[in-house]
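Text of the file structure_26.txt, holding compact mmCIF, C-alpha atoms:
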# COMPACT_ATOMS: atom_id res chain seq x y z
CA VAL A 9 46.72 63.48 -117.92
CA THR A 10 49.77 64.16 -120.09
CA ALA A 11 50.49 60.46 -120.46
CA ARG A 12 46.87 59.76 -121.40
CA SER A 13 47.02 62.55 -123.99
CA GLU A 14 50.21 61.16 -125.47
CA VAL A 15 48.70 57.67 -125.66
CA GLN A 16 45.65 59.09 -127.43
CA SER A 17 47.85 60.97 -129.90
CA LEU A 18 49.91 57.87 -130.60
CA THR A 19 46.74 55.82 -131.05
CA GLU A 20 45.36 58.34 -133.54
CA ALA A 21 48.67 58.40 -135.39
CA ARG A 22 48.71 54.61 -135.52
CA ASP A 23 45.15 54.46 -136.83
CA LYS A 24 45.94 57.05 -139.48
CA LEU A 25 49.05 55.14 -140.55
CA ASN A 26 47.11 51.87 -140.72
CA ALA A 27 44.46 53.56 -142.87
CA GLU A 28 47.16 54.85 -145.23
CA ILE A 29 48.70 51.37 -145.42
CA ASP A 30 45.32 49.82 -146.22
CA SER A 31 44.76 52.43 -148.93
CA LEU A 32 48.21 51.74 -150.40
CA LYS A 33 47.54 47.99 -150.37
CA GLN A 34 44.26 48.51 -152.23
CA GLU A 35 45.94 50.81 -154.74
CA THR A 36 48.65 48.21 -155.33
CA LYS A 37 46.04 45.48 -155.74
CA ASP A 38 44.07 47.57 -158.24
CA LEU A 39 47.21 48.29 -160.23
CA GLN A 40 48.23 44.63 -160.30
CA GLN A 41 44.76 43.64 -161.48
CA GLY A 42 45.01 46.16 -164.31
CA LEU A 43 48.46 44.95 -165.29
CA ALA A 44 47.31 41.34 -165.23
CA VAL A 45 45.06 41.88 -168.23
CA MET A 46 48.06 42.83 -170.37
CA ARG A 47 51.05 40.75 -171.40
CA GLY A 48 54.26 41.55 -169.58
CA GLY A 49 56.46 43.94 -171.51
CA GLN A 50 53.67 45.03 -173.87
CA MET A 51 54.03 48.57 -175.17
CA MET A 52 51.70 50.99 -173.40
CA TYR A 53 52.70 54.32 -174.96
CA ARG A 54 55.23 55.16 -177.63
CA SER A 55 57.52 58.15 -177.31
CA GLY A 56 55.68 61.30 -178.40
CA GLU A 57 52.23 59.73 -178.19
CA ILE A 58 49.42 61.91 -176.84
CA VAL A 59 48.11 60.64 -173.50
CA PHE A 60 45.54 63.40 -173.03
CA ALA A 61 44.68 66.76 -174.59
CA GLY A 62 42.39 69.59 -173.60
CA VAL A 63 41.71 73.28 -174.12
CA LEU A 64 42.35 75.51 -171.10
CA GLN A 65 41.35 79.14 -170.59
CA GLY A 66 44.22 81.60 -170.26
CA GLY A 67 44.39 84.75 -168.16
CA MET A 68 42.48 83.33 -165.18
CA PRO A 69 43.39 83.86 -161.49
CA GLU A 70 46.07 81.51 -160.12
CA GLU A 71 43.54 79.47 -158.14
CA GLU A 72 41.46 78.84 -161.27
CA ASN A 73 44.57 77.99 -163.25
CA MET A 74 45.53 75.32 -160.70
CA LYS A 75 42.02 73.85 -160.94
CA GLN A 76 42.42 73.64 -164.72
CA ILE A 77 45.86 72.06 -164.39
CA ASN A 78 44.59 69.49 -161.89
CA TRP A 79 41.73 68.66 -164.27
CA MET A 80 44.29 68.12 -167.02
CA LEU A 81 46.49 65.89 -164.86
CA ASP A 82 43.50 63.86 -163.63
CA GLY A 83 42.38 63.40 -167.22
CA ALA A 84 45.81 62.17 -168.27
CA ASN A 85 45.99 59.77 -165.35
CA THR A 86 42.51 58.39 -166.08
CA ALA A 87 43.39 57.95 -169.75
CA ALA A 88 46.50 55.98 -168.79
CA MET A 89 44.50 53.76 -166.43
CA ASN A 90 41.88 53.13 -169.10
CA ARG A 91 44.67 52.12 -171.49
CA ILE A 92 45.44 49.04 -169.34
CA GLY A 93 41.86 48.37 -168.22
CA LEU A 94 42.35 49.72 -164.70
CA ASP A 95 39.20 51.03 -163.01
CA SER A 96 39.20 54.82 -163.01
CA SER A 97 38.15 54.86 -159.34
CA SER A 98 41.61 53.61 -158.43
CA LYS A 99 44.06 56.12 -156.99
CA ALA A 100 47.04 54.71 -158.88
CA GLU A 101 49.35 57.44 -160.20
CA MET A 102 50.22 56.33 -163.71
CA VAL A 103 51.35 59.64 -165.24
CA TRP A 104 54.41 61.44 -163.97
CA LEU A 105 55.36 65.03 -164.78
CA THR A 106 58.12 67.14 -163.27
CA ARG A 107 57.23 70.02 -160.98
CA ASP A 108 58.97 72.31 -163.48
CA GLU A 109 56.52 71.24 -166.21
CA VAL A 110 53.54 72.03 -163.99
CA GLU A 111 55.01 75.39 -162.96
CA ARG A 112 55.73 76.21 -166.61
CA LEU A 113 52.11 75.51 -167.55
CA LYS A 114 50.84 77.60 -164.65
CA ASP A 115 53.05 80.50 -165.75
CA LEU A 116 51.93 80.21 -169.38
CA LEU A 117 48.26 80.09 -168.41
CA GLY A 118 48.68 83.21 -166.33
CA LYS A 119 50.17 85.09 -169.27
CA ALA A 120 47.91 83.74 -172.01
CA LYS A 121 45.23 86.08 -173.38
CA GLY A 122 43.08 83.40 -174.97
CA ASN A 123 42.45 79.69 -174.87
CA VAL A 124 45.40 77.33 -175.20
CA LEU A 125 45.60 73.73 -176.33
CA VAL A 126 47.55 71.54 -173.92
CA ARG A 127 48.70 68.09 -174.98
CA VAL A 128 50.19 65.72 -172.40
CA ARG A 129 52.66 63.55 -174.34
CA SER A 130 54.84 60.64 -173.32
CA VAL A 131 58.54 61.44 -173.55
CA ALA A 132 59.74 57.85 -173.83
CA ASN A 133 58.51 54.42 -174.86
CA THR A 134 56.62 52.95 -171.90
CA VAL A 135 55.77 49.31 -171.30
CA VAL A 136 52.99 48.12 -169.03
CA GLY A 137 54.12 48.31 -165.43
CA GLN A 138 56.23 51.45 -165.86
CA PRO A 139 55.12 54.99 -164.98
CA VAL A 140 54.30 57.13 -168.01
CA LEU A 141 56.84 59.96 -168.04
CA CYS A 142 55.26 62.96 -169.76
CA GLY A 143 55.85 66.49 -170.90
CA MET A 144 53.31 69.15 -171.85
CA GLU A 145 52.94 70.91 -175.18
CA VAL A 146 51.16 74.27 -175.05
CA ILE A 147 49.81 75.95 -178.20
CA PRO A 148 47.42 78.90 -178.68
CA ASN A 149 44.03 77.51 -179.72
CA GLN A 150 42.79 79.61 -182.62
CA VAL A 151 39.92 79.20 -185.06
CA ILE A 152 41.38 77.87 -188.32
CA PHE A 153 38.16 77.33 -190.31
CA LYS A 154 34.88 79.00 -189.37
CA ASP A 155 31.64 77.02 -189.54
CA GLY A 156 30.62 76.56 -193.18
CA LYS A 157 34.01 77.56 -194.58
CA LYS A 158 34.95 75.75 -197.79
CA ILE A 159 38.14 73.83 -197.08
CA HIS A 160 38.68 72.05 -200.38
CA GLU A 161 36.93 71.17 -203.64
CA LYS A 162 37.79 68.90 -206.52
CA VAL A 163 36.27 67.77 -209.81
CA ILE A 164 36.30 64.00 -210.24
CA ASP A 165 35.56 62.28 -213.54
CA LEU A 166 33.79 59.01 -212.77
CA ALA A 167 33.27 58.39 -216.50
CA ASP A 168 36.98 57.60 -216.62
CA LYS A 169 37.13 53.84 -216.11
CA THR A 170 40.44 54.19 -214.27
CA THR A 171 38.74 56.29 -211.58
CA ASN A 172 37.45 54.40 -208.55
CA ALA A 173 34.87 56.27 -206.44
CA ASP A 174 36.13 54.84 -203.14
CA GLN A 175 39.75 55.68 -203.86
CA ALA A 176 38.84 59.10 -205.23
CA LEU A 177 37.02 59.97 -201.99
CA MET A 178 39.92 58.71 -199.85
CA THR A 179 42.34 60.83 -201.86
CA PHE A 180 40.05 63.84 -201.47
CA LEU A 181 39.92 63.37 -197.67
CA GLN A 182 43.70 63.03 -197.54
CA GLU A 183 44.01 66.33 -199.41
CA ILE A 184 41.71 67.96 -196.84
CA ASN A 185 43.93 66.54 -194.09
CA GLU A 186 47.03 68.04 -195.73
CA ARG A 187 45.33 71.42 -196.27
CA SER A 188 44.13 71.52 -192.66
CA VAL A 189 47.61 70.79 -191.29
CA LYS A 190 49.10 73.46 -193.57
CA GLU A 191 46.57 76.00 -192.27
CA GLY A 192 47.40 75.23 -188.64
CA VAL A 193 45.29 72.33 -187.31
CA LEU A 194 47.57 70.13 -185.21
CA PRO A 195 47.69 66.50 -186.36
CA ASP A 196 48.03 63.50 -184.10
CA PRO A 197 51.84 63.06 -183.93
CA MET A 198 51.57 59.28 -184.36
CA THR A 199 49.11 59.13 -187.28
CA GLY A 200 49.49 62.54 -188.93
CA LYS A 201 45.69 62.84 -189.07
CA VAL A 202 43.55 65.76 -187.91
CA GLY A 203 40.17 64.08 -187.84
CA ASN A 204 38.14 61.19 -189.08
CA ILE A 205 34.92 60.53 -190.91
CA ASN A 206 32.57 57.72 -189.98
CA ALA A 207 32.08 54.70 -192.22
CA VAL A 208 28.37 55.44 -192.82
CA THR A 209 29.18 58.87 -194.26
CA VAL A 210 31.86 57.36 -196.49
CA VAL A 211 29.50 54.69 -197.83
CA ASP A 212 26.66 57.18 -198.39
CA THR A 213 28.99 59.60 -200.18
CA VAL A 214 30.45 56.92 -202.45
CA THR A 215 26.93 55.70 -203.31
CA LYS A 216 25.84 59.23 -204.26
CA MET A 217 28.97 59.69 -206.36
CA GLN A 218 28.34 56.46 -208.24
CA LYS A 219 24.66 57.26 -208.87
CA MET A 220 25.49 60.75 -210.13
CA GLY A 221 28.29 59.54 -212.42
CA GLY A 222 30.22 61.58 -214.95
CA LYS A 223 32.14 64.64 -213.78
CA ILE A 224 31.17 65.65 -210.26
CA ARG A 225 32.36 68.37 -207.94
CA LEU A 226 33.17 67.19 -204.41
CA THR A 227 33.39 69.95 -201.78
CA GLY A 228 34.38 69.76 -198.12
CA TYR A 229 33.00 72.37 -195.70
CA ALA A 230 33.77 72.91 -192.01
CA ASP A 231 30.93 71.46 -189.97
CA GLY A 232 31.25 73.83 -187.02
CA ASP A 233 34.24 76.01 -186.11
CA ILE A 234 37.52 74.09 -186.44
CA THR A 235 40.31 75.21 -184.13
CA THR A 236 43.99 74.39 -183.74
CA ALA A 237 43.00 71.53 -181.47
CA GLY A 238 40.75 69.96 -184.13
CA PRO A 239 39.19 67.66 -184.95
CA VAL A 240 38.29 68.49 -188.54
CA GLN A 241 34.57 67.80 -188.76
CA LEU A 242 33.33 67.85 -192.34
CA ARG A 243 30.15 68.39 -194.31
CA LEU A 244 30.52 67.02 -197.83
CA GLY A 245 28.78 68.49 -200.86
CA ILE A 246 28.31 66.60 -204.15
CA GLU A 247 27.05 68.13 -207.41
CA LYS A 248 27.41 67.79 -211.15
CA ALA A 249 30.38 69.73 -212.44
CA ALA A 250 29.50 72.78 -214.54
CA GLY A 251 28.49 71.93 -218.10
CA GLN A 252 27.57 68.35 -217.25
CA PRO A 253 24.07 67.03 -218.08
Represent the structure from my file as structure tokens, please.
Amino acid sequence: VTARSEVQSLTEARDKLNAEIDSLKQETKDLQQGLAVMRGGQMMYRSGEIVFAGVLQGGMPEEENMKQINWMLDGANTAAMNRIGLDSSSKAEMVWLTRDEVERLKDLLGKAKGNVLVRVRSVANTVVGQPVLCGMEVIPNQVIFKDGKKIHEKVIDLADKTTNADQALMTFLQEINERSVKEGVLPDPMTGKVGNINAVTVVDTVTKMQKMGGKIRLTGYADGDITTAGPVQLRLGIEKAAGQP
């Protein structure tokens, strides 16, 4: 009976090992297929680049904190797989963090009294085929501009032939970007930007500016609460400057 039991145990262990080997083979195949769509040696992430970012709730029980952390790590891994065209159903582990980094985040979440912004960032240049070594940046996520808050305004004289409406709007948006960063919205470390505005809005705004002509007042308002995490979503207002016909 003992011998039969041992044989059964060994058989189960063998089957389990074979299943793990098959899973590993499939994972390797998936990873190779993803890498095949990219040129060898092509840059995947630059040092300091954000792989994934999310807002986590502080002050939760340890079990909930671990769920949040695992969500963050899964999100980073999926983002890295998407970067090289690898199917997200694959179990390939693309993003690597030290246990100390994870423990540090768990400790910070336990002590935090409000929401925190967590950004998973690469710590070195990574080419396709290498694991993405990452660290985590943790910042309190506070409301910087409340919904409807005026962020910036400027009078633009379109009667001046040296003034170009397109360029004037781009300069205005850059000034909003600079003001937002100064007030505490975190920019993308690679681009320095805190948000974007779609092309349709830009075209519509420039058209309105050109039709109105003369001196106009351009105002940017927060379209919804804007937090440390961003992005800076805008509502633009256009009107004749005071004293203009």
Practice problem: Find the spatial neighbours of Trp79 in chain A, counting only C-alpha atoms, within a cut-off of 10 Å - ignore same-chain residues fewer than 6 positions away - and output them as a PyMOL selection string. | Solution: chain A and resi 62+64+73+85
Quiz prompt | Residues near range 244-249 of chain A, cut-off 12 Å, all atoms listed in the file, skip fewer than 5 positions along chain, as a ChimeraX atom specification | solution = /A:156-166,177,180-181,184,205,209-210,212-231
Put those residues in a file: C-alpha atoms, as a PDB file, in the frame of the given file.
ATOM      1  CA  GLY A 156      30.620  76.560-193.180  1.00  0.00           C
ATOM      2  CA  LYS A 157      34.010  77.560-194.580  1.00  0.00           C
ATOM      3  CA  LYS A 158      34.950  75.750-197.790  1.00  0.00           C
ATOM      4  CA  ILE A 159      38.140  73.830-197.080  1.00  0.00           C
ATOM      5  CA  HIS A 160      38.680  72.050-200.380  1.00  0.00           C
ATOM      6  CA  GLU A 161      36.930  71.170-203.640  1.00  0.00           C
ATOM      7  CA  LYS A 162      37.790  68.900-206.520  1.00  0.00           C
ATOM      8  CA  VAL A 163      36.270  67.770-209.810  1.00  0.00           C
ATOM      9  CA  ILE A 164      36.300  64.000-210.240  1.00  0.00           C
ATOM     10  CA  ASP A 165      35.560  62.280-213.540  1.00  0.00           C
ATOM     11  CA  LEU A 166      33.790  59.010-212.770  1.00  0.00           C
ATOM     12  CA  LEU A 177      37.020  59.970-201.990  1.00  0.00           C
ATOM     13  CA  PHE A 180      40.050  63.840-201.470  1.00  0.00           C
ATOM     14  CA  LEU A 181      39.920  63.370-197.670  1.00  0.00           C
ATOM     15  CA  ILE A 184      41.710  67.960-196.840  1.00  0.00           C
ATOM     16  CA  ILE A 205      34.920  60.530-190.910  1.00  0.00           C
ATOM     17  CA  THR A 209      29.180  58.870-194.260  1.00  0.00           C
ATOM     18  CA  VAL A 210      31.860  57.360-196.490  1.00  0.00           C
ATOM     19  CA  ASP A 212      26.660  57.180-198.390  1.00  0.00           C
ATOM     20  CA  THR A 213      28.990  59.600-200.180  1.00  0.00           C
ATOM     21  CA  VAL A 214      30.450  56.920-202.450  1.00  0.00           C
ATOM     22  CA  THR A 215      26.930  55.700-203.310  1.00  0.00           C
ATOM     23  CA  LYS A 216      25.840  59.230-204.260  1.00  0.00           C
ATOM     24  CA  MET A 217      28.970  59.690-206.360  1.00  0.00           C
ATOM     25  CA  GLN A 218      28.340  56.460-208.240  1.00  0.00           C
ATOM     26  CA  LYS A 219      24.660  57.260-208.870  1.00  0.00           C
ATOM     27  CA  MET A 220      25.490  60.750-210.130  1.00  0.00           C
ATOM     28  CA  GLY A 221      28.290  59.540-212.420  1.00  0.00           C
ATOM     29  CA  GLY A 222      30.220  61.580-214.950  1.00  0.00           C
ATOM     30  CA  LYS A 223      32.140  64.640-213.780  1.00  0.00           C
ATOM     31  CA  ILE A 224      31.170  65.650-210.260  1.00  0.00           C
ATOM     32  CA  ARG A 225      32.360  68.370-207.940  1.00  0.00           C
ATOM     33  CA  LEU A 226      33.170  67.190-204.410  1.00  0.00           C
ATOM     34  CA  THR A 227      33.390  69.950-201.780  1.00  0.00           C
ATOM     35  CA  GLY A 228      34.380  69.760-198.120  1.00  0.00           C
ATOM     36  CA  TYR A 229      33.000  72.370-195.700  1.00  0.00           C
ATOM     37  CA  ALA A 230      33.770  72.910-192.010  1.00  0.00           C
ATOM     38  CA  ASP A 231      30.930  71.460-189.970  1.00  0.00           C
TER      39      ASP A 231
END
Quiz item: Excluding same-chain residues fewer than 2 positions from Asp233 in chain A, what lies within 7 Å of it counting only C-alpha atoms, as a ChimeraX atom specification?
Solution: /A:151,153-155,230-231,235
Quiz item: Which is closest to Leu81 in chain A among A:Val136, A:Val59, A:Leu242, A:Ile147, if we use all atoms listed in the file?
Solution: A:Val59
Practice problem: Find, counting all atoms listed in the file, the residue in A:Asn78, A:Ser97, A:Asn149, A:Thr19 that gets nearest to Val124 in chain A. | Solution: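 Looking only at the distances to Val124 in chain A, the closest residue turns out to be A:Asn149.
Across the model, the gap from CA of Thr236 in chain A to CA of Asn185 in chain A is 13.0 Å.
Compared by their closest atoms to Leu194 in chain A, and using only C-alpha atoms, the residues A:Met178, A:Ala132, A:Leu125, A:Ile29 rank with A:Leu125 nearest.
The space between CA of Glu101 in chain A and CA of Val131 in chain A spans 16.7 Å.
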Exercise. Rank nothing, just name the residue among A:Met102, A:Ala237, A:Met198, A:Met74 nearest to Ile152 in chain A, using only C-alpha atoms.
Key: A:Ala237
Self-check item: Pick from A:Gln150, A:Gln138, A:Ser31, A:Asn172 nearest to Gly122 in chain A, counting all atoms listed in the file
Solution: A:Gln150
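Minimum atom-to-atom distances from A:Met80, A:Ala250, A:Met68, A:Val202 to Lys119 in chain A were compared using all atoms listed in the file, and the lowest value belongs to A:Met68.
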Quiz item: Which residues come within 10 Å of Gly200 in chain A, counting only C-alpha atoms, excluding same-chain residues fewer than 3 positions away, as an MDAnalysis selection string?
Solution: chainID A and resid 185:186 189 194:197 203
